[in-house]
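Undergrad: Pasting a structure below so you can have a look.
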Amino acid sequence: MAKREPNYHGLLIVDKPGRGTRGLQAERAEVAPLLPTSHDVVQMARRWTRQRRVGHTGTLDPMASGILVLCLGHATRLVEYYQNHAKTYYAEIYLGIATDTYDAMGKVTEQATIPKLSRRDIEAALDEYKGDILQVPPLYSAIKQGGESLHQKARRGENITVEPRRVTFHHIELVDYVMPERISIRVTCSAGTYIRSLAYDLGRSLGTLGYLDYLRRETAGQFQLNHAHTVDTIENVVSKNQLDTLLLPTGAYLDMPSIQVNEDELRYLGFGQSITLQGEVNQKTSSSGFLAIAKTDEGHFAGIIRCLDIADTTAAGPTWKAEKWFMSHKHQ
C-alpha cells in the first residue's frame with residue numbers, strides 16, 4: 001500500500017502558550033505540568049494536519065511563550081535553514097531567589113537580600129553581557145552530553161560539569177525596574193543563548209540572586225509575533241477545515257538572497273546539473289554559506305542553490321547547483 005502524501009506543506013507559526021501569571025511563587029510547582037513543551041506543540045500540529053511530517057526550528061522551554069516555527073510536509077526539508085538565527089525575547093527577572101532550573105518552574109535553592117539598586121546600576125550590569133560572552137547553560141536543559149539530555153542526568157542527581165559556550169547578545173534593553181525585585185528586559189541574542197542563565201548571572205552581578213520569572217519570544221529570524229497564531233485560533237480554523245489559510249508558503253522568510261531563474265535553468269537545476277547564473281555573489285550570500293533562493297519568473301520558490309565557485313567567478317556569472325530542490329513536488 002502506497003504511503004499517503006501529506007496534505008499540508010508550508011510554515012505554521014504558532015504563538016506557543018506559556019506561563020502567563022507572573023510573580024506568584026506559590027504557583028511554581030502547580031503550573032509546570034500544565035504548560036506545553038515544544039514537542040507537545042508538534043504533536044498538536046500532527047493532530048491538526050493528520051500527518052507525521054512536522055518539524056520545529058528551535059525549542060522553547062515549557063514556561064516560555066511566543067514564536068515557535070513549524071515546518072509541515074515538504075517544508076520539513078528546510079528546517080536546518082530556519083535554525084541558528086537571532087531571536088528577540090521579552091523577559092522578567094525576579095531578584096533575591098535562586099532556583100535549580102534558573103526559572104520559575106524550579107525548586108528554590110537559595111534566598112538573599114536585595115541591595116538598593118537604581119536603573120543605572122542595572123543598566124551597567126547588563127552592559128557586561130552585551131556582545132560575545134561565554135555562558136554556562138543551565139543544568140536543567142536539553143543539551144546533550146554523552147548522548148543524553150542534561151536535564152535527565154540532573155534529575156537523577158548526577159554530578160555534571162557543563163562547559164561554557166560562546167553566545168552573542170546583540171542588544172539588551174532595560175524595559176522596567178519595579179523596586180526592589182523585578183527587572184524587565186528585552187534582548188536580541190544568538191541561537192543557543194539561555195535567558196535563564198542570563199537571569200542567574202545577572203542576579204549575582206547585582207550582588208544578590210535571580211531567576212527567570214517570565215519569558216516571551218517576540219522574533220525568530222525574520223518571523224515576528226504578527227505572523228504567529230494562538231492554539232485557539234488554529235483549533236478554530238482546523239474545525240472548519242481551513243488550516244491552509246494560516247500557512248506561509250515553503251521557503252517564506254528565508255534569510256538568503258534570491259536569484260530569478262528561467263524555465264530552462266529550472267529544468268537543468270532540477271536534473272542536478274551545474275549551471276551559470278547571472279547575479280551578484282555578495283557578502284550576504286557568503287554569510288549564508290554561498291547559498292541563495294532560486295525563484296521562478298513568477299516569483300515562486302523553486303529551491304535552494306549553492307554557489308560552487310564564489311572565489312573564481314567569470315564574466316558569465318558564478319556556477320550554481322541545486323542544494324534542495326522543490327519544483328518537482330506537486331505542491332509547487
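For the C-alpha cells, the naming scheme is as follows: chains receive sequential letters (A, B, ...) according to their order of presentation, residues are indexed from 1 within each chain, and ligands are indexed from 1 in presentation order.
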So that I can check the surroundings of His227 (chain A), please list as a PDB file with C-alpha atoms, in the first residue's frame every protein, DNA and RNA residue that reaches within 10 Å of it, counting only C-alpha atoms and ignoring chain neighbours fewer than 4 positions away.
TA:
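Writing done, so here's part_17.pdb:
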ATOM      1  CA  LEU A  12       2.817  27.291  10.580  1.00  0.00           C
ATOM      2  CA  ILE A  13       3.929  29.938  13.079  1.00  0.00           C
ATOM      3  CA  VAL A  14       2.472  29.123  16.493  1.00  0.00           C
ATOM      4  CA  ASP A  15       2.183  31.514  19.411  1.00  0.00           C
ATOM      5  CA  ILE A  67       7.048  32.241  18.363  1.00  0.00           C
ATOM      6  CA  VAL A  69       8.174  27.949  13.816  1.00  0.00           C
ATOM      7  CA  THR A 219      11.041  37.291  16.980  1.00  0.00           C
ATOM      8  CA  GLN A 222      12.543  37.217  10.242  1.00  0.00           C
ATOM      9  CA  PHE A 223       9.384  35.911  11.905  1.00  0.00           C
ATOM     10  CA  LEU A 246      -2.815  30.155   8.122  1.00  0.00           C
ATOM     11  CA  LEU A 247       0.171  28.595   6.356  1.00  0.00           C
ATOM     12  CA  LEU A 248       3.068  30.569   4.942  1.00  0.00           C
TER      13      LEU A 248
END
Undergrad: Enumerate as a VMD selection string all residues of region 32-239 of chain A assigned to alpha helix (DSSP H) by DSSP on the backbone, naming them with the chain letters and numbers the document uses.
TA: chain A and resid 38 to 49 119 to 127 150 to 155 195 to 205 231 to 239
Undergrad: Using only C-alpha atoms, determine which residues lie at most 9 Å from Leu78 (chain A), disregarding the query and same-chain residues fewer than 6 positions distant; provide the list as a list in words.
TA: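 Near Leu78 (chain A), the qualifying residues are Cys71, Thr250, Gly251 and Lys324 of chain A.
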Undergrad: Which neighbours of region 127-130 of chain A fall inside 12 Å, counting only C-alpha atoms, when residues of the same chain fewer than 5 positions from it are skipped, and could you give them as a PDB file with N, CA, C and O atoms, in the first residue's frame?
TA:
ATOM      1  N   ARG A 120      20.375  52.830  36.813  1.00  0.00           N
ATOM      2  CA  ARG A 120      21.742  52.947  36.304  1.00  0.00           C
ATOM      3  C   ARG A 120      22.581  51.744  36.730  1.00  0.00           C
ATOM      4  O   ARG A 120      23.390  51.239  35.946  1.00  0.00           O
ATOM      5  N   ASP A 121      22.398  51.275  37.964  1.00  0.00           N
ATOM      6  CA  ASP A 121      23.122  50.085  38.429  1.00  0.00           C
ATOM      7  C   ASP A 121      22.791  48.877  37.550  1.00  0.00           C
ATOM      8  O   ASP A 121      23.683  48.113  37.161  1.00  0.00           O
ATOM      9  N   ILE A 122      21.516  48.713  37.254  1.00  0.00           N
ATOM     10  CA  ILE A 122      21.086  47.556  36.469  1.00  0.00           C
ATOM     11  C   ILE A 122      21.581  47.671  35.033  1.00  0.00           C
ATOM     12  O   ILE A 122      22.060  46.694  34.437  1.00  0.00           O
ATOM     13  N   GLN A 135      28.924  31.687  28.140  1.00  0.00           N
ATOM     14  CA  GLN A 135      27.779  31.475  29.021  1.00  0.00           C
ATOM     15  C   GLN A 135      27.702  30.001  29.403  1.00  0.00           C
ATOM     16  O   GLN A 135      27.842  29.123  28.554  1.00  0.00           O
ATOM     17  N   ARG A 166      30.112  29.915  23.747  1.00  0.00           N
ATOM     18  CA  ARG A 166      30.148  31.305  23.268  1.00  0.00           C
ATOM     19  C   ARG A 166      28.791  31.670  22.672  1.00  0.00           C
ATOM     20  O   ARG A 166      28.299  30.986  21.781  1.00  0.00           O
ATOM     21  N   VAL A 167      28.208  32.724  23.180  1.00  0.00           N
ATOM     22  CA  VAL A 167      26.940  33.234  22.668  1.00  0.00           C
ATOM     23  C   VAL A 167      27.090  34.735  22.451  1.00  0.00           C
ATOM     24  O   VAL A 167      28.055  35.352  22.917  1.00  0.00           O
ATOM     25  N   THR A 168      26.110  35.309  21.774  1.00  0.00           N
ATOM     26  CA  THR A 168      26.171  36.740  21.469  1.00  0.00           C
ATOM     27  C   THR A 168      24.872  37.416  21.863  1.00  0.00           C
ATOM     28  O   THR A 168      23.782  36.973  21.471  1.00  0.00           O
ATOM     29  N   PHE A 169      24.993  38.486  22.640  1.00  0.00           N
ATOM     30  CA  PHE A 169      23.856  39.364  22.924  1.00  0.00           C
ATOM     31  C   PHE A 169      24.014  40.595  22.036  1.00  0.00           C
ATOM     32  O   PHE A 169      24.850  41.460  22.286  1.00  0.00           O
ATOM     33  N   HIS A 170      23.211  40.647  20.976  1.00  0.00           N
ATOM     34  CA  HIS A 170      23.291  41.761  20.040  1.00  0.00           C
ATOM     35  C   HIS A 170      22.733  43.043  20.651  1.00  0.00           C
ATOM     36  O   HIS A 170      23.205  44.138  20.334  1.00  0.00           O
ATOM     37  N   HIS A 171      21.738  42.882  21.513  1.00  0.00           N
ATOM     38  CA  HIS A 171      21.073  44.052  22.101  1.00  0.00           C
ATOM     39  C   HIS A 171      20.456  43.646  23.435  1.00  0.00           C
ATOM     40  O   HIS A 171      19.860  42.575  23.544  1.00  0.00           O
ATOM     41  N   ILE A 172      20.636  44.465  24.457  1.00  0.00           N
ATOM     42  CA  ILE A 172      19.969  44.269  25.753  1.00  0.00           C
ATOM     43  C   ILE A 172      19.423  45.616  26.203  1.00  0.00           C
ATOM     44  O   ILE A 172      20.172  46.592  26.310  1.00  0.00           O
ATOM     45  N   GLU A 173      18.146  45.649  26.471  1.00  0.00           N
ATOM     46  CA  GLU A 173      17.477  46.894  26.878  1.00  0.00           C
ATOM     47  C   GLU A 173      16.754  46.679  28.202  1.00  0.00           C
ATOM     48  O   GLU A 173      16.009  45.702  28.367  1.00  0.00           O
ATOM     49  N   LEU A 174      16.975  47.571  29.140  1.00  0.00           N
ATOM     50  CA  LEU A 174      16.207  47.562  30.380  1.00  0.00           C
ATOM     51  C   LEU A 174      14.856  48.220  30.103  1.00  0.00           C
ATOM     52  O   LEU A 174      14.784  49.411  29.806  1.00  0.00           O
ATOM     53  N   VAL A 187      15.899  41.427  24.959  1.00  0.00           N
ATOM     54  CA  VAL A 187      17.216  41.063  24.450  1.00  0.00           C
ATOM     55  C   VAL A 187      17.086  40.469  23.054  1.00  0.00           C
ATOM     56  O   VAL A 187      16.102  39.790  22.745  1.00  0.00           O
ATOM     57  N   THR A 188      18.065  40.748  22.231  1.00  0.00           N
ATOM     58  CA  THR A 188      18.227  40.056  20.948  1.00  0.00           C
ATOM     59  C   THR A 188      19.549  39.309  21.024  1.00  0.00           C
ATOM     60  O   THR A 188      20.587  39.905  21.333  1.00  0.00           O
ATOM     61  N   CYS A 189      19.502  38.008  20.759  1.00  0.00           N
ATOM     62  CA  CYS A 189      20.671  37.179  21.014  1.00  0.00           C
ATOM     63  C   CYS A 189      20.809  36.093  19.951  1.00  0.00           C
ATOM     64  O   CYS A 189      19.896  35.838  19.164  1.00  0.00           O
ATOM     65  N   SER A 190      21.950  35.454  19.953  1.00  0.00           N
ATOM     66  CA  SER A 190      22.214  34.371  19.004  1.00  0.00           C
ATOM     67  C   SER A 190      21.466  33.121  19.404  1.00  0.00           C
ATOM     68  O   SER A 190      21.033  32.961  20.555  1.00  0.00           O
ATOM     69  N   THR A 193      21.378  30.700  23.029  1.00  0.00           N
ATOM     70  CA  THR A 193      21.543  31.505  24.237  1.00  0.00           C
ATOM     71  C   THR A 193      20.445  31.156  25.237  1.00  0.00           C
ATOM     72  O   THR A 193      19.282  30.991  24.856  1.00  0.00           O
ATOM     73  N   ILE A 195      18.297  32.521  28.258  1.00  0.00           N
ATOM     74  CA  ILE A 195      17.909  33.690  29.038  1.00  0.00           C
ATOM     75  C   ILE A 195      17.845  33.318  30.526  1.00  0.00           C
ATOM     76  O   ILE A 195      18.049  34.153  31.395  1.00  0.00           O
ATOM     77  N   SER A 197      20.037  31.491  32.044  1.00  0.00           N
ATOM     78  CA  SER A 197      21.403  31.693  32.539  1.00  0.00           C
ATOM     79  C   SER A 197      21.705  33.173  32.717  1.00  0.00           C
ATOM     80  O   SER A 197      22.401  33.568  33.661  1.00  0.00           O
ATOM     81  N   LEU A 198      21.186  34.001  31.811  1.00  0.00           N
ATOM     82  CA  LEU A 198      21.367  35.447  31.968  1.00  0.00           C
ATOM     83  C   LEU A 198      20.734  35.918  33.270  1.00  0.00           C
ATOM     84  O   LEU A 198      21.321  36.725  33.999  1.00  0.00           O
ATOM     85  N   ALA A 199      19.532  35.424  33.583  1.00  0.00           N
ATOM     86  CA  ALA A 199      18.864  35.806  34.829  1.00  0.00           C
ATOM     87  C   ALA A 199      19.693  35.392  36.042  1.00  0.00           C
ATOM     88  O   ALA A 199      19.862  36.165  37.002  1.00  0.00           O
ATOM     89  N   ASP A 201      22.989  34.768  36.139  1.00  0.00           N
ATOM     90  CA  ASP A 201      24.239  35.525  36.194  1.00  0.00           C
ATOM     91  C   ASP A 201      24.002  36.977  36.588  1.00  0.00           C
ATOM     92  O   ASP A 201      24.787  37.560  37.348  1.00  0.00           O
ATOM     93  N   LEU A 202      22.931  37.577  36.085  1.00  0.00           N
ATOM     94  CA  LEU A 202      22.649  38.980  36.388  1.00  0.00           C
ATOM     95  C   LEU A 202      22.379  39.160  37.878  1.00  0.00           C
ATOM     96  O   LEU A 202      22.830  40.145  38.482  1.00  0.00           O
ATOM     97  N   SER A 205      25.624  39.417  39.487  1.00  0.00           N
ATOM     98  CA  SER A 205      26.300  40.672  39.138  1.00  0.00           C
ATOM     99  C   SER A 205      25.751  41.846  39.950  1.00  0.00           C
ATOM    100  O   SER A 205      26.466  42.829  40.188  1.00  0.00           O
ATOM    101  N   LEU A 206      24.493  41.728  40.369  1.00  0.00           N
ATOM    102  CA  LEU A 206      23.856  42.800  41.149  1.00  0.00           C
ATOM    103  C   LEU A 206      24.005  42.593  42.646  1.00  0.00           C
ATOM    104  O   LEU A 206      23.402  43.315  43.443  1.00  0.00           O
TER     105      LEU A 206
END
Undergrad: Could you tell me, as a ChimeraX atom specification, which residues of region 204-269 of chain A DSSP assigns to strand (DSSP E or B) when given the backbone?
TA: /A:210-220,223-224,229-230,248,258-260
Undergrad: Keeping all heavy atoms for every residue in the selection just given, could you write it to a file as a compact mmCIF listing (two decimals), in the first residue's frame?
TA:
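This went into out22.txt:
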# COMPACT_ATOMS: atom_id res chain seq x y z
N GLY A 210 18.94 35.63 41.40
CA GLY A 210 17.88 35.92 40.45
C GLY A 210 17.46 34.68 39.68
O GLY A 210 18.23 33.73 39.53
N TYR A 211 16.21 34.68 39.25
CA TYR A 211 15.72 33.62 38.37
C TYR A 211 14.79 34.22 37.32
O TYR A 211 14.25 35.33 37.51
CB TYR A 211 15.02 32.50 39.15
CG TYR A 211 13.67 32.86 39.74
CD1 TYR A 211 12.51 32.80 38.97
CD2 TYR A 211 13.55 33.26 41.07
CE1 TYR A 211 11.27 33.13 39.50
CE2 TYR A 211 12.32 33.58 41.61
CZ TYR A 211 11.18 33.51 40.82
OH TYR A 211 9.95 33.85 41.35
N LEU A 212 14.60 33.49 36.24
CA LEU A 212 13.73 33.94 35.15
C LEU A 212 12.28 33.64 35.52
O LEU A 212 11.91 32.49 35.68
CB LEU A 212 14.12 33.24 33.86
CG LEU A 212 13.33 33.61 32.61
CD1 LEU A 212 13.56 35.07 32.24
CD2 LEU A 212 13.73 32.71 31.44
N ASP A 213 11.47 34.69 35.60
CA ASP A 213 10.08 34.51 36.04
C ASP A 213 9.08 34.51 34.88
O ASP A 213 7.99 33.99 35.01
CB ASP A 213 9.72 35.64 37.01
CG ASP A 213 8.45 35.33 37.79
OD1 ASP A 213 8.33 34.21 38.30
OD2 ASP A 213 7.59 36.23 37.87
N TYR A 214 9.47 35.10 33.76
CA TYR A 214 8.56 35.19 32.61
C TYR A 214 9.39 35.35 31.36
O TYR A 214 10.40 36.07 31.36
CB TYR A 214 7.62 36.39 32.77
CG TYR A 214 6.67 36.61 31.62
CD1 TYR A 214 5.49 35.89 31.52
CD2 TYR A 214 6.95 37.55 30.63
CE1 TYR A 214 4.61 36.09 30.46
CE2 TYR A 214 6.08 37.75 29.57
CZ TYR A 214 4.91 37.01 29.49
OH TYR A 214 4.06 37.22 28.43
N LEU A 215 9.00 34.67 30.26
CA LEU A 215 9.75 34.76 29.02
C LEU A 215 8.81 34.65 27.83
O LEU A 215 7.95 33.76 27.79
CB LEU A 215 10.80 33.64 28.94
CG LEU A 215 11.74 33.69 27.72
CD1 LEU A 215 12.62 34.93 27.78
CD2 LEU A 215 12.60 32.44 27.66
N ARG A 216 9.00 35.54 26.87
CA ARG A 216 8.21 35.50 25.64
C ARG A 216 9.12 35.76 24.45
O ARG A 216 9.83 36.78 24.43
CB ARG A 216 7.09 36.55 25.69
CG ARG A 216 6.17 36.55 24.46
CD ARG A 216 4.86 37.22 24.79
NE ARG A 216 3.96 37.35 23.65
CZ ARG A 216 3.23 36.36 23.14
NH1 ARG A 216 3.32 35.15 23.65
NH2 ARG A 216 2.43 36.58 22.13
N ARG A 217 9.11 34.84 23.48
CA ARG A 217 9.90 35.03 22.26
C ARG A 217 9.11 35.89 21.30
O ARG A 217 8.01 35.52 20.86
CB ARG A 217 10.24 33.68 21.63
CG ARG A 217 11.15 33.81 20.39
CD ARG A 217 11.29 32.48 19.68
NE ARG A 217 12.20 31.59 20.38
CZ ARG A 217 12.32 30.30 20.09
NH1 ARG A 217 11.58 29.75 19.14
NH2 ARG A 217 13.18 29.56 20.75
N GLU A 218 9.69 37.03 20.95
CA GLU A 218 8.99 38.00 20.11
C GLU A 218 9.40 37.93 18.64
O GLU A 218 8.60 38.30 17.76
CB GLU A 218 9.24 39.42 20.64
CG GLU A 218 8.69 39.63 22.04
CD GLU A 218 8.92 41.03 22.56
OE1 GLU A 218 9.94 41.65 22.17
OE2 GLU A 218 8.10 41.52 23.35
N THR A 219 10.61 37.50 18.36
CA THR A 219 11.04 37.29 16.98
C THR A 219 11.92 36.05 16.92
O THR A 219 12.57 35.68 17.90
CB THR A 219 11.84 38.48 16.40
OG1 THR A 219 13.16 38.51 16.98
CG2 THR A 219 11.15 39.80 16.65
N ALA A 220 11.93 35.42 15.74
CA ALA A 220 12.83 34.30 15.47
C ALA A 220 13.25 34.44 14.02
O ALA A 220 12.45 34.21 13.11
CB ALA A 220 12.15 32.96 15.70
N PHE A 223 10.76 36.09 11.46
CA PHE A 223 9.38 35.91 11.91
C PHE A 223 9.11 36.77 13.13
O PHE A 223 9.93 36.84 14.06
CB PHE A 223 9.11 34.44 12.23
CG PHE A 223 9.26 33.53 11.05
CD1 PHE A 223 10.37 32.71 10.92
CD2 PHE A 223 8.29 33.51 10.05
CE1 PHE A 223 10.52 31.88 9.82
CE2 PHE A 223 8.43 32.68 8.94
CZ PHE A 223 9.55 31.87 8.83
N GLN A 224 7.93 37.40 13.14
CA GLN A 224 7.52 38.25 14.24
C GLN A 224 6.18 37.74 14.79
O GLN A 224 5.53 36.88 14.20
CB GLN A 224 7.40 39.70 13.77
CG GLN A 224 8.70 40.25 13.21
CD GLN A 224 8.58 41.68 12.73
OE1 GLN A 224 7.69 42.43 13.17
NE2 GLN A 224 9.46 42.08 11.82
N HIS A 229 0.05 32.44 15.34
CA HIS A 229 -1.36 32.18 15.65
C HIS A 229 -1.47 31.41 16.95
O HIS A 229 -0.69 30.48 17.20
CB HIS A 229 -2.00 31.37 14.52
CG HIS A 229 -1.78 31.96 13.16
ND1 HIS A 229 -2.49 33.04 12.70
CD2 HIS A 229 -0.90 31.62 12.18
CE1 HIS A 229 -2.07 33.35 11.48
NE2 HIS A 229 -1.10 32.51 11.14
N THR A 230 -2.42 31.77 17.77
CA THR A 230 -2.62 31.07 19.03
C THR A 230 -3.18 29.68 18.77
O THR A 230 -3.75 29.40 17.70
CB THR A 230 -3.59 31.83 19.94
OG1 THR A 230 -4.90 31.85 19.33
CG2 THR A 230 -3.11 33.26 20.18
N LEU A 248 2.17 29.82 5.82
CA LEU A 248 3.07 30.57 4.94
C LEU A 248 3.67 29.58 3.94
O LEU A 248 3.89 28.41 4.26
CB LEU A 248 4.17 31.24 5.76
CG LEU A 248 3.71 32.32 6.74
CD1 LEU A 248 4.89 32.80 7.58
CD2 LEU A 248 3.08 33.49 6.01
N SER A 258 18.09 36.06 -3.23
CA SER A 258 17.34 35.26 -4.21
C SER A 258 17.81 35.59 -5.63
O SER A 258 18.26 36.71 -5.91
CB SER A 258 15.84 35.51 -4.09
OG SER A 258 15.53 36.87 -4.34
N ILE A 259 17.73 34.59 -6.49
CA ILE A 259 18.12 34.73 -7.89
C ILE A 259 16.97 34.21 -8.75
O ILE A 259 16.46 33.12 -8.51
CB ILE A 259 19.40 33.94 -8.20
CG1 ILE A 259 20.58 34.49 -7.38
CG2 ILE A 259 19.73 33.98 -9.70
CD1 ILE A 259 21.87 33.73 -7.58
N GLN A 260 16.57 35.01 -9.73
CA GLN A 260 15.49 34.59 -10.63
C GLN A 260 16.05 33.69 -11.72
O GLN A 260 17.10 33.98 -12.31
CB GLN A 260 14.83 35.82 -11.25
CG GLN A 260 13.62 35.49 -12.11
CD GLN A 260 12.89 36.75 -12.54
OE1 GLN A 260 12.58 37.60 -11.72
NE2 GLN A 260 12.64 36.86 -13.85
Undergrad: Residues near Leu243 (chain A), anyone? I mean within 10 Å using only C-alpha atoms, not counting same-chain ones fewer than 2 positions away, as a list in words.
TA: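 Using only C-alpha atoms, the neighbours found are Tyr8, Leu12, Trp48, Thr49, Thr233, Ile234, Glu235, Asn236, Val237, Val238, Ser239, Lys240, Asn241, Thr245, Leu246 and Leu247 of chain A.
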Undergrad: May I ask which of the residues A:Leu269, A:Leu60, A:Met179, A:Ala45 is the closest one to Tyr89 (chain A), counting only C-alpha atoms?
TA: A:Leu60
Undergrad: List the spatial neighbours of Met327 (chain A) as a list in words - criterion: any atom at most 12 Å away, only C-alpha atoms, same-chain residues fewer than 3 positions off excluded.
TA: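 Near neighbours after the sequence-gap exclusion: His74, Thr250, Glu263, Glu265, Leu266, Arg267, Tyr268, Leu269, Gly270, Phe271, Ala294, Lys295, Thr296, His300, Phe301, Ala302, Gly303, Ile304, Ala322, Lys324, Lys330, His331 and Gln332 of chain A.
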Undergrad: Point out the residue among A:Lys321, A:Arg50, A:Arg119, A:Lys87 with the least atom-to-atom distance to Pro180 (chain A), counting only C-alpha atoms.
TA: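 With only C-alpha atoms as the atom set, the closest residue is A:Arg119.
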